[in-house]
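Data from coords-v3.pdb: PDB, C-alpha atoms, pLDDT in the B column
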```
ATOM      1  CA  MET A 309     -51.201 -82.140 -31.694  1.00 37.00           C
ATOM      2  CA  THR A 310     -47.396 -82.161 -31.984  1.00 41.00           C
ATOM      3  CA  SER A 311     -45.223 -79.056 -31.943  1.00 42.00           C
ATOM      4  CA  GLN A 312     -44.670 -79.495 -35.673  1.00 43.00           C
ATOM      5  CA  GLU A 313     -48.423 -79.437 -36.284  1.00 41.00           C
ATOM      6  CA  GLN A 314     -49.198 -76.308 -34.313  1.00 47.00           C
ATOM      7  CA  VAL A 315     -50.770 -73.384 -36.147  1.00 42.00           C
ATOM      8  CA  HIS A 316     -49.016 -70.054 -35.608  1.00 52.00           C
ATOM      9  CA  SER A 317     -50.307 -66.540 -36.102  1.00 49.00           C
ATOM     10  CA  PRO A 318     -48.610 -64.421 -38.753  1.00 48.00           C
ATOM     11  CA  ILE A 319     -45.824 -62.252 -37.381  1.00 47.00           C
ATOM     12  CA  ILE A 320     -46.817 -58.593 -37.411  1.00 45.00           C
ATOM     13  CA  SER A 321     -44.589 -56.048 -35.650  1.00 50.00           C
ATOM     14  CA  MET A 322     -42.235 -53.119 -36.145  1.00 53.00           C
ATOM     15  CA  HIS A 323     -39.263 -55.290 -35.064  1.00 70.00           C
ATOM     16  CA  PRO A 324     -37.156 -57.241 -37.567  1.00 84.00           C
ATOM     17  CA  LEU A 325     -38.781 -60.504 -38.612  1.00 89.00           C
ATOM     18  CA  TYR A 326     -36.039 -62.708 -37.157  1.00 90.00           C
ATOM     19  CA  SER A 327     -36.358 -60.912 -33.787  1.00 91.00           C
ATOM     20  CA  GLN A 328     -40.132 -61.404 -33.763  1.00 91.00           C
ATOM     21  CA  LEU A 329     -39.740 -65.064 -34.645  1.00 93.00           C
ATOM     22  CA  LYS A 330     -37.098 -65.515 -31.965  1.00 92.00           C
ATOM     23  CA  GLU A 331     -39.450 -64.096 -29.334  1.00 90.00           C
ATOM     24  CA  GLN A 332     -42.308 -66.359 -30.413  1.00 91.00           C
ATOM     25  CA  ILE A 333     -40.127 -69.465 -30.255  1.00 92.00           C
ATOM     26  CA  ARG A 334     -38.573 -68.265 -26.994  1.00 87.00           C
ATOM     27  CA  SER A 335     -42.036 -67.977 -25.418  1.00 87.00           C
ATOM     28  CA  SER A 336     -42.905 -71.489 -26.575  1.00 88.00           C
ATOM     29  CA  ILE A 337     -39.724 -72.821 -24.967  1.00 84.00           C
ATOM     30  CA  LEU A 338     -40.279 -71.007 -21.679  1.00 78.00           C
ATOM     31  CA  ASP A 339     -43.933 -72.046 -21.376  1.00 80.00           C
ATOM     32  CA  GLY A 340     -43.088 -75.693 -22.050  1.00 81.00           C
ATOM     33  CA  THR A 341     -44.639 -75.985 -25.508  1.00 88.00           C
ATOM     34  CA  TYR A 342     -41.201 -77.085 -26.664  1.00 88.00           C
ATOM     35  CA  ALA A 343     -40.027 -79.310 -23.803  1.00 86.00           C
ATOM     36  CA  PRO A 344     -36.357 -79.679 -22.732  1.00 82.00           C
ATOM     37  CA  ASN A 345     -34.310 -82.145 -24.806  1.00 80.00           C
ATOM     38  CA  THR A 346     -36.973 -82.396 -27.528  1.00 88.00           C
ATOM     39  CA  GLN A 347     -36.234 -81.715 -31.169  1.00 92.00           C
ATOM     40  CA  MET A 348     -37.401 -78.440 -32.642  1.00 91.00           C
ATOM     41  CA  PRO A 349     -39.399 -78.338 -35.893  1.00 93.00           C
ATOM     42  CA  SER A 350     -37.183 -78.299 -38.971  1.00 93.00           C
ATOM     43  CA  GLU A 351     -36.296 -75.062 -40.751  1.00 92.00           C
ATOM     44  CA  SER A 352     -38.753 -75.941 -43.557  1.00 94.00           C
ATOM     45  CA  GLU A 353     -41.542 -76.582 -41.060  1.00 94.00           C
ATOM     46  CA  MET A 354     -40.890 -73.229 -39.364  1.00 93.00           C
ATOM     47  CA  MET A 355     -40.845 -71.455 -42.709  1.00 94.00           C
ATOM     48  CA  ARG A 356     -44.319 -72.811 -43.481  1.00 94.00           C
ATOM     49  CA  ALA A 357     -45.714 -72.333 -39.963  1.00 92.00           C
ATOM     50  CA  PHE A 358     -44.565 -68.719 -39.608  1.00 92.00           C
ATOM     51  CA  ASN A 359     -44.600 -67.740 -43.295  1.00 93.00           C
ATOM     52  CA  VAL A 360     -41.008 -66.474 -43.229  1.00 93.00           C
ATOM     53  CA  SER A 361     -37.844 -67.105 -45.228  1.00 94.00           C
ATOM     54  CA  ARG A 362     -35.136 -69.640 -44.383  1.00 94.00           C
ATOM     55  CA  SER A 363     -32.657 -66.852 -43.582  1.00 94.00           C
ATOM     56  CA  THR A 364     -35.125 -65.421 -41.043  1.00 94.00           C
ATOM     57  CA  VAL A 365     -35.515 -68.827 -39.385  1.00 94.00           C
ATOM     58  CA  ARG A 366     -31.753 -69.331 -39.249  1.00 93.00           C
ATOM     59  CA  LEU A 367     -31.147 -65.893 -37.736  1.00 94.00           C
ATOM     60  CA  ALA A 368     -33.776 -66.532 -35.062  1.00 93.00           C
ATOM     61  CA  LEU A 369     -32.341 -69.952 -34.216  1.00 93.00           C
ATOM     62  CA  ARG A 370     -28.829 -68.525 -34.074  1.00 90.00           C
ATOM     63  CA  CYS A 371     -29.987 -65.949 -31.510  1.00 89.00           C
ATOM     64  CA  LEU A 372     -31.721 -68.616 -29.422  1.00 89.00           C
ATOM     65  CA  GLN A 373     -28.592 -70.756 -29.521  1.00 85.00           C
ATOM     66  CA  SER A 374     -26.434 -67.842 -28.341  1.00 79.00           C
ATOM     67  CA  GLU A 375     -28.845 -67.415 -25.414  1.00 75.00           C
ATOM     68  CA  GLY A 376     -28.421 -71.080 -24.527  1.00 73.00           C
ATOM     69  CA  LEU A 377     -32.079 -71.944 -25.114  1.00 81.00           C
ATOM     70  CA  ILE A 378     -31.396 -74.404 -27.910  1.00 86.00           C
ATOM     71  CA  PHE A 379     -28.436 -76.429 -29.158  1.00 83.00           C
ATOM     72  CA  LYS A 380     -27.665 -77.922 -32.559  1.00 82.00           C
ATOM     73  CA  VAL A 381     -26.673 -81.495 -33.345  1.00 79.00           C
ATOM     74  CA  PRO A 382     -24.906 -81.722 -36.720  1.00 79.00           C
ATOM     75  CA  GLY A 383     -27.020 -83.632 -39.201  1.00 83.00           C
ATOM     76  CA  LYS A 384     -30.024 -83.843 -36.862  1.00 85.00           C
ATOM     77  CA  GLY A 385     -31.246 -80.294 -36.240  1.00 88.00           C
ATOM     78  CA  SER A 386     -31.985 -78.075 -33.241  1.00 90.00           C
ATOM     79  CA  PHE A 387     -32.991 -79.278 -29.789  1.00 89.00           C
ATOM     80  CA  VAL A 388     -34.328 -77.491 -26.721  1.00 89.00           C
ATOM     81  CA  SER A 389     -31.680 -77.137 -24.016  1.00 79.00           C
ATOM     82  CA  ARG A 390     -32.236 -78.622 -20.584  1.00 72.00           C
ATOM     83  CA  PRO A 391     -32.629 -76.108 -17.718  1.00 65.00           C
ATOM     84  CA  LYS A 392     -29.233 -74.853 -16.611  1.00 67.00           C
ATOM     85  CA  ALA A 393     -27.777 -75.907 -13.290  1.00 69.00           C
ATOM     86  CA  THR A 394     -27.061 -72.980 -10.956  1.00 68.00           C
ATOM     87  CA  GLN A 395     -23.968 -72.580  -8.813  1.00 67.00           C
ATOM     88  CA  GLU A 396     -23.936 -69.809  -6.253  1.00 65.00           C
ATOM     89  CA  LEU A 397     -20.664 -67.915  -5.918  1.00 67.00           C
ATOM     90  CA  ILE A 398     -21.130 -67.154  -2.246  1.00 68.00           C
ATOM     91  CA  SER A 399     -18.940 -69.672  -0.422  1.00 70.00           C
ATOM     92  CA  LEU A 400     -15.808 -71.559  -1.465  1.00 75.00           C
ATOM     93  CA  GLN A 401     -17.031 -74.934  -2.712  1.00 72.00           C
ATOM     94  CA  GLY A 402     -15.948 -77.541  -5.190  1.00 69.00           C
ATOM     95  CA  PHE A 403     -18.272 -78.134  -8.138  1.00 70.00           C
ATOM     96  CA  GLY A 404     -19.370 -81.526  -6.842  1.00 69.00           C
ATOM     97  CA  GLU A 405     -20.165 -80.113  -3.404  1.00 67.00           C
ATOM     98  CA  ALA A 406     -22.328 -77.376  -4.904  1.00 65.00           C
ATOM     99  CA  MET A 407     -24.202 -79.619  -7.333  1.00 64.00           C
ATOM    100  CA  ILE A 408     -24.930 -82.490  -4.950  1.00 67.00           C
ATOM    101  CA  THR A 409     -26.678 -80.141  -2.523  1.00 63.00           C
ATOM    102  CA  ASN A 410     -28.956 -79.145  -5.438  1.00 63.00           C
ATOM    103  CA  GLY A 411     -29.869 -82.755  -6.192  1.00 64.00           C
ATOM    104  CA  HIS A 412     -27.578 -83.333  -9.179  1.00 66.00           C
ATOM    105  CA  GLU A 413     -25.414 -86.362  -9.886  1.00 76.00           C
ATOM    106  CA  THR A 414     -21.736 -85.619 -10.523  1.00 81.00           C
ATOM    107  CA  PHE A 415     -18.614 -87.624 -11.238  1.00 86.00           C
ATOM    108  CA  SER A 416     -15.290 -87.154 -13.013  1.00 89.00           C
ATOM    109  CA  THR A 417     -12.851 -89.043 -15.181  1.00 94.00           C
ATOM    110  CA  LEU A 418      -9.111 -88.495 -14.887  1.00 95.00           C
ATOM    111  CA  LEU A 419      -7.766 -87.420 -18.268  1.00 96.00           C
ATOM    112  CA  GLY A 420      -4.154 -87.425 -17.139  1.00 95.00           C
ATOM    113  CA  TYR A 421      -1.513 -85.710 -15.060  1.00 96.00           C
ATOM    114  CA  SER A 422       1.989 -84.307 -15.511  1.00 95.00           C
ATOM    115  CA  GLU A 423       4.843 -83.434 -13.168  1.00 93.00           C
ATOM    116  CA  ARG A 424       7.467 -80.741 -13.580  1.00 90.00           C
ATOM    117  CA  VAL A 425       5.068 -78.617 -15.611  1.00 90.00           C
ATOM    118  CA  ASP A 426       6.710 -75.806 -17.577  1.00 91.00           C
ATOM    119  CA  ASN A 427       4.021 -73.247 -16.797  1.00 94.00           C
ATOM    120  CA  LYS A 428       5.354 -69.906 -15.666  1.00 95.00           C
ATOM    121  CA  LEU A 429       1.892 -68.555 -14.849  1.00 96.00           C
ATOM    122  CA  ALA A 430       1.090 -71.479 -12.535  1.00 96.00           C
ATOM    123  CA  SER A 431       4.546 -71.138 -10.993  1.00 96.00           C
ATOM    124  CA  SER A 432       3.928 -67.459 -10.312  1.00 96.00           C
ATOM    125  CA  LYS A 433       0.458 -68.056  -8.868  1.00 97.00           C
ATOM    126  CA  LEU A 434       1.551 -70.886  -6.573  1.00 97.00           C
ATOM    127  CA  ARG A 435       4.864 -69.183  -5.704  1.00 97.00           C
ATOM    128  CA  ILE A 436       6.905 -72.322  -6.375  1.00 96.00           C
ATOM    129  CA  GLY A 437       9.193 -73.508  -9.137  1.00 96.00           C
ATOM    130  CA  CYS A 438       7.882 -75.342 -12.200  1.00 95.00           C
ATOM    131  CA  SER A 439       9.733 -78.479 -11.128  1.00 94.00           C
ATOM    132  CA  ASP A 440       7.550 -78.631  -8.009  1.00 96.00           C
ATOM    133  CA  ILE A 441       4.167 -78.372  -9.802  1.00 97.00           C
ATOM    134  CA  MET A 442       1.794 -81.141 -10.843  1.00 96.00           C
ATOM    135  CA  GLU A 443      -0.954 -80.636 -13.432  1.00 97.00           C
ATOM    136  CA  ILE A 444      -4.114 -82.758 -13.097  1.00 97.00           C
ATOM    137  CA  ARG A 445      -6.667 -82.872 -15.940  1.00 97.00           C
ATOM    138  CA  ARG A 446     -10.228 -84.086 -15.400  1.00 96.00           C
ATOM    139  CA  LEU A 447     -13.461 -84.295 -17.379  1.00 96.00           C
ATOM    140  CA  ARG A 448     -16.441 -83.614 -15.121  1.00 90.00           C
ATOM    141  CA  TYR A 449     -20.005 -84.815 -15.634  1.00 90.00           C
ATOM    142  CA  LEU A 450     -23.326 -83.422 -14.450  1.00 81.00           C
ATOM    143  CA  ASP A 451     -26.278 -85.816 -14.565  1.00 78.00           C
ATOM    144  CA  ARG A 452     -24.145 -88.063 -16.813  1.00 83.00           C
ATOM    145  CA  VAL A 453     -23.462 -85.341 -19.386  1.00 83.00           C
ATOM    146  CA  PRO A 454     -19.940 -83.859 -19.763  1.00 90.00           C
ATOM    147  CA  ILE A 455     -20.026 -80.315 -18.363  1.00 87.00           C
ATOM    148  CA  SER A 456     -16.446 -79.153 -17.780  1.00 89.00           C
ATOM    149  CA  VAL A 457     -12.776 -79.738 -18.401  1.00 96.00           C
ATOM    150  CA  ASP A 458     -10.779 -78.945 -15.264  1.00 95.00           C
ATOM    151  CA  ILE A 459      -7.041 -78.263 -15.375  1.00 97.00           C
ATOM    152  CA  THR A 460      -5.652 -78.063 -11.839  1.00 96.00           C
ATOM    153  CA  TYR A 461      -2.158 -77.069 -10.740  1.00 97.00           C
ATOM    154  CA  VAL A 462      -1.008 -78.016  -7.244  1.00 97.00           C
ATOM    155  CA  PRO A 463       2.312 -78.488  -5.459  1.00 97.00           C
ATOM    156  CA  SER A 464       3.706 -81.908  -6.381  1.00 96.00           C
ATOM    157  CA  SER A 465       3.737 -82.897  -2.716  1.00 95.00           C
ATOM    158  CA  ILE A 466      -0.077 -82.713  -2.801  1.00 96.00           C
ATOM    159  CA  GLY A 467      -0.539 -83.824  -6.403  1.00 96.00           C
ATOM    160  CA  ARG A 468       1.249 -87.158  -5.932  1.00 96.00           C
ATOM    161  CA  ARG A 469      -1.255 -88.001  -3.201  1.00 96.00           C
ATOM    162  CA  LEU A 470      -4.277 -86.712  -5.108  1.00 96.00           C
ATOM    163  CA  ILE A 471      -3.780 -88.954  -8.145  1.00 94.00           C
ATOM    164  CA  LEU A 472      -4.072 -91.965  -5.826  1.00 95.00           C
ATOM    165  CA  GLU A 473      -7.441 -90.777  -4.499  1.00 94.00           C
ATOM    166  CA  ASP A 474     -10.908 -91.451  -5.890  1.00 92.00           C
ATOM    167  CA  LEU A 475     -11.088 -88.320  -8.022  1.00 92.00           C
ATOM    168  CA  ALA A 476     -14.065 -89.799  -9.862  1.00 89.00           C
ATOM    169  CA  THR A 477     -16.393 -89.163  -6.928  1.00 88.00           C
ATOM    170  CA  GLU A 478     -14.567 -86.812  -4.544  1.00 89.00           C
ATOM    171  CA  ASP A 479     -13.806 -83.107  -4.903  1.00 90.00           C
ATOM    172  CA  ILE A 480     -10.197 -82.035  -4.505  1.00 92.00           C
ATOM    173  CA  PHE A 481     -11.266 -79.432  -1.939  1.00 91.00           C
ATOM    174  CA  VAL A 482     -12.942 -82.100   0.210  1.00 89.00           C
ATOM    175  CA  ILE A 483      -9.925 -84.406  -0.014  1.00 94.00           C
ATOM    176  CA  VAL A 484      -7.455 -81.658   0.872  1.00 94.00           C
ATOM    177  CA  GLU A 485      -9.435 -80.556   3.925  1.00 92.00           C
ATOM    178  CA  ASN A 486     -10.728 -83.866   5.244  1.00 92.00           C
ATOM    179  CA  LYS A 487      -7.815 -86.188   4.435  1.00 94.00           C
ATOM    180  CA  TYR A 488      -4.814 -83.893   4.384  1.00 95.00           C
ATOM    181  CA  ALA A 489      -6.016 -81.580   7.192  1.00 95.00           C
ATOM    182  CA  ILE A 490      -5.265 -78.451   5.159  1.00 95.00           C
ATOM    183  CA  LYS A 491      -7.956 -75.892   5.917  1.00 95.00           C
ATOM    184  CA  LEU A 492      -8.941 -73.753   2.946  1.00 93.00           C
ATOM    185  CA  GLY A 493      -9.382 -70.023   3.339  1.00 93.00           C
ATOM    186  CA  HIS A 494     -10.462 -68.052   0.284  1.00 93.00           C
ATOM    187  CA  ALA A 495     -10.177 -67.933  -3.494  1.00 90.00           C
ATOM    188  CA  GLU A 496      -9.713 -65.348  -6.214  1.00 92.00           C
ATOM    189  CA  VAL A 497     -12.006 -66.004  -9.195  1.00 88.00           C
ATOM    190  CA  GLN A 498     -12.141 -64.598 -12.707  1.00 91.00           C
ATOM    191  CA  LEU A 499     -14.850 -65.498 -15.247  1.00 88.00           C
ATOM    192  CA  GLU A 500     -14.930 -64.892 -18.967  1.00 92.00           C
ATOM    193  CA  ALA A 501     -16.792 -66.153 -22.019  1.00 90.00           C
ATOM    194  CA  VAL A 502     -14.665 -67.854 -24.687  1.00 93.00           C
ATOM    195  CA  LEU A 503     -15.238 -70.103 -27.692  1.00 93.00           C
ATOM    196  CA  SER A 504     -14.448 -73.794 -27.475  1.00 93.00           C
ATOM    197  CA  ASP A 505     -11.557 -75.115 -29.528  1.00 95.00           C
ATOM    198  CA  ASP A 506     -11.395 -78.530 -31.183  1.00 94.00           C
ATOM    199  CA  ALA A 507      -9.959 -80.335 -28.139  1.00 95.00           C
ATOM    200  CA  LEU A 508     -12.484 -78.919 -25.646  1.00 95.00           C
ATOM    201  CA  SER A 509     -15.379 -79.431 -28.060  1.00 93.00           C
ATOM    202  CA  SER A 510     -14.491 -83.089 -28.508  1.00 94.00           C
ATOM    203  CA  LEU A 511     -14.400 -83.708 -24.751  1.00 95.00           C
ATOM    204  CA  LEU A 512     -17.531 -81.700 -23.962  1.00 92.00           C
ATOM    205  CA  LYS A 513     -19.515 -83.101 -26.920  1.00 89.00           C
ATOM    206  CA  ILE A 514     -20.325 -79.670 -28.346  1.00 88.00           C
ATOM    207  CA  GLU A 515     -19.710 -77.963 -31.672  1.00 86.00           C
ATOM    208  CA  GLU A 516     -16.352 -76.290 -32.150  1.00 90.00           C
ATOM    209  CA  GLY A 517     -16.731 -72.558 -31.554  1.00 91.00           C
ATOM    210  CA  SER A 518     -19.577 -72.973 -29.055  1.00 88.00           C
ATOM    211  CA  PRO A 519     -19.663 -70.448 -26.187  1.00 86.00           C
ATOM    212  CA  ILE A 520     -18.164 -71.765 -22.953  1.00 90.00           C
ATOM    213  CA  LEU A 521     -17.404 -70.235 -19.560  1.00 89.00           C
ATOM    214  CA  ARG A 522     -13.771 -70.101 -18.520  1.00 94.00           C
ATOM    215  CA  MET A 523     -13.101 -69.800 -14.796  1.00 90.00           C
ATOM    216  CA  GLU A 524      -9.652 -69.017 -13.441  1.00 95.00           C
ATOM    217  CA  ARG A 525      -9.477 -69.749  -9.722  1.00 94.00           C
ATOM    218  CA  LEU A 526      -6.610 -69.404  -7.270  1.00 97.00           C
ATOM    219  CA  THR A 527      -7.368 -70.954  -3.889  1.00 95.00           C
ATOM    220  CA  TYR A 528      -5.485 -70.185  -0.688  1.00 96.00           C
ATOM    221  CA  SER A 529      -5.192 -72.183   2.504  1.00 95.00           C
ATOM    222  CA  ALA A 530      -6.378 -70.637   5.763  1.00 93.00           C
ATOM    223  CA  ASP A 531      -2.814 -69.450   6.502  1.00 94.00           C
ATOM    224  CA  GLY A 532      -2.758 -67.453   3.252  1.00 94.00           C
ATOM    225  CA  SER A 533      -0.608 -69.776   1.132  1.00 95.00           C
ATOM    226  CA  PRO A 534      -1.692 -70.394  -2.490  1.00 96.00           C
ATOM    227  CA  ILE A 535      -2.441 -74.087  -2.783  1.00 95.00           C
ATOM    228  CA  ASP A 536      -4.585 -74.730  -5.887  1.00 96.00           C
ATOM    229  CA  TYR A 537      -4.597 -72.903  -9.229  1.00 97.00           C
ATOM    230  CA  GLU A 538      -7.197 -73.930 -11.832  1.00 96.00           C
ATOM    231  CA  HIS A 539      -8.514 -73.270 -15.317  1.00 96.00           C
ATOM    232  CA  LEU A 540     -12.078 -74.608 -15.553  1.00 93.00           C
ATOM    233  CA  TYR A 541     -13.958 -74.731 -18.867  1.00 95.00           C
ATOM    234  CA  TYR A 542     -17.750 -75.108 -18.515  1.00 90.00           C
ATOM    235  CA  ARG A 543     -20.349 -75.698 -21.205  1.00 87.00           C
ATOM    236  CA  GLY A 544     -22.279 -72.462 -21.646  1.00 78.00           C
ATOM    237  CA  ASP A 545     -25.556 -74.289 -22.249  1.00 77.00           C
ATOM    238  CA  MET A 546     -25.558 -76.203 -18.950  1.00 73.00           C
ATOM    239  CA  LEU A 547     -24.458 -73.920 -16.136  1.00 72.00           C
ATOM    240  CA  LYS A 548     -25.113 -70.449 -14.804  1.00 67.00           C
ATOM    241  CA  TYR A 549     -23.690 -68.652 -11.804  1.00 65.00           C
ATOM    242  CA  LYS A 550     -25.574 -66.717  -9.167  1.00 68.00           C
ATOM    243  CA  THR A 551     -24.231 -64.310  -6.591  1.00 67.00           C
ATOM    244  CA  GLY A 552     -25.414 -61.476  -4.378  1.00 66.00           C
ATOM    245  CA  LEU A 553     -24.136 -57.924  -4.359  1.00 60.00           C
ATOM    246  CA  LYS A 554     -24.230 -55.596  -1.395  1.00 67.00           C
ATOM    247  CA  ARG A 555     -23.826 -51.828  -1.637  1.00 78.00           C
ATOM    248  CA  ASN A 556     -21.211 -50.438   0.714  1.00 72.00           C
TER     249      ASN A 556
END
```

Rewritten as structure tokens:
Amino acid sequence: MTSQEQVHSPIISMHPLYSQLKEQIRSSILDGTYAPNTQMPSESEMMRAFNVSRSTVRLALRCLQSEGLIFKVPGKGSFVSRPKATQELISLQGFGEAMITNGHETFSTLLGYSERVDNKLASSKLRIGCSDIMEIRRLRYLDRVPISVDITYVPSSIGRRLILEDLATEDIFVIVENKYAIKLGHAEVQLEAVLSDDALSSLLKIEEGSPILRMERLTYSADGSPIDYEHLYYRGDMLKYKTGLKRN
């Protein structure tokens, strides 16, 4: 029996109908009834199966999408999201380093680079003039699906060498430490949720206005000098972060 053919019990509860429907569908996703990457029943099929209105179905699906459990493909319908990859924010690692240890395939494409970047914020963070900064833009993939747009600012002395490296398969952190003998020390990280604009949506293959994670990271060398300033934009439906907190 397919998911579209399943018989559902009428929804009876004190909670709003869309919330009840959301929880029923959520349970079916979590228990594997609706498998990752499979198409959900259509709105009309859900209306008949649950005996609810179209507006109720749409509200429930909108909530599930905001939770990252489903995603919509224009003209095709809703699909169950794949399980999110997890990156632990415990040690200073590049994205590729973290994902490979968890059994994922990663690679990048170089979108472009610019020298003498007129970016006062990057200049302030790196403590050098704009004329000495290089911007490197990459599109990163996880298991062959675009997951992030990375905008990296580094001193031009490092950037001119980096663009000659195999940035498709190697992390910048690994290159800097292993090839340039610059030991990394620590990083300052800020995370926030934002909505994707047209340019990011096109690169990440998501709908414009989809929730994404924006990471701002300033990395220092072991001697305390700022060496790498980044804006990283991750798909909200593919990645989650994990960390540990200790009470003082």

*asked:* Here is a test: counting all atoms listed in the file, which residue of A:Ser422, A:Ser518, A:Ser510, A:Ser529 is nearest to Phe481 (chain A)?
replied: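 Smallest distance to Phe481 (chain A) is found for A:Ser529.
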
Using all atoms listed in the file, determine which residues lie at most 10 Å from Gly437 (chain A), disregarding the query and same-chain residues fewer than 6 positions distant; provide the list as a tab-separated table (two decimals) with C-alpha atoms, keeping the file's coordinate frame.
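Contents of selection-v9.tsv, freshly written:
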```tsv
chain	number	residue	atom	x	y	z
A	424	ARG	CA	7.47	-80.74	-13.58
A	425	VAL	CA	5.07	-78.62	-15.61
A	426	ASP	CA	6.71	-75.81	-17.58
A	427	ASN	CA	4.02	-73.25	-16.80
A	428	LYS	CA	5.35	-69.91	-15.67
A	430	ALA	CA	1.09	-71.48	-12.54
A	431	SER	CA	4.55	-71.14	-10.99
A	463	PRO	CA	2.31	-78.49	-5.46
```

*What does the distance from CA of Ser386 (chain A) to CA of Met348 (chain A) come to in Å, to one decimal?*
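Calculated distance between CA of Ser386 (chain A) and CA of Met348 (chain A) is 5.5 Å.
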
_When you look at region 536-545 of chain A with a cut-off of 6 Å (counting only C-alpha atoms), what residues show up, excluding the ones that are within fewer than 4 positions of it in the same chain? I need them as number ranges by chain._
A: 376, 455-462, 519-527

*Tell me which protein, DNA and RNA residues are within 8 Å of region 474-480 of chain A, counting all atoms listed in the file, leaving out same-chain ones fewer than 2 positions away, and put them as a list in words.*
Gly402, Phe403, Gly404, Glu405, Thr414, Phe415, Ser416, Thr417, Leu418, Leu470, Ile471, Leu472, Val482, Ile483 and Val484 of chain A

_Nearest candidate to Ile378 (chain A) (options A:Asn556, A:Gln332, A:Ser363, A:Gln347; using all atoms listed in the file)_ =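 Once distances to Ile378 (chain A) are computed over all atoms listed in the file, the minimum belongs to A:Gln347.
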
*For CA of Ile436 (chain A) and CA of Ile535 (chain A), the interatomic separation in Å (one decimal)*: 10.2 Å

*Please measure the separation of CA of Leu508 (chain A) and CA of Leu429 (chain A), giving the value in Å to one decimal.*
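So the answer is 20.8 Å.
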
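Picked by the PyMOL selection byres ((chain A and resi 336) around 12) from the coordinates shown: Ser311, Gln314, His316, Leu329, Lys330, Glu331, Gln332, Ile333, Arg334, Ser335, Ile337, Leu338, Asp339, Gly340, Thr341, Tyr342, Ala343, Pro344, Met348, Leu372, Leu377, Ile378 and Val388 of chain A.
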
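Selection check: the PyMOL selection byres ((chain A and resi 326) around 10) on the shown file gives Ile319, His323, Pro324, Leu325, Ser327, Gln328, Leu329, Lys330, Glu331, Gln332, Val360, Ser361, Ser363, Thr364, Val365, Arg366, Leu367, Ala368, Leu369, Arg370 and Cys371 of chain A.
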
_Set the distance at 10 Å and use all atoms listed in the file: which residues neighbour Gly493 (chain A) once local chain neighbours fewer than 6 positions away are removed? I'd like the list as an MDAnalysis selection string._
chainID A and resid 400 527:534

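Compared by their closest atoms to Asp451 (chain A), and using only C-alpha atoms, the residues A:Pro382, A:Glu500, A:Arg390, A:Gly420 rank with A:Arg390 nearest.
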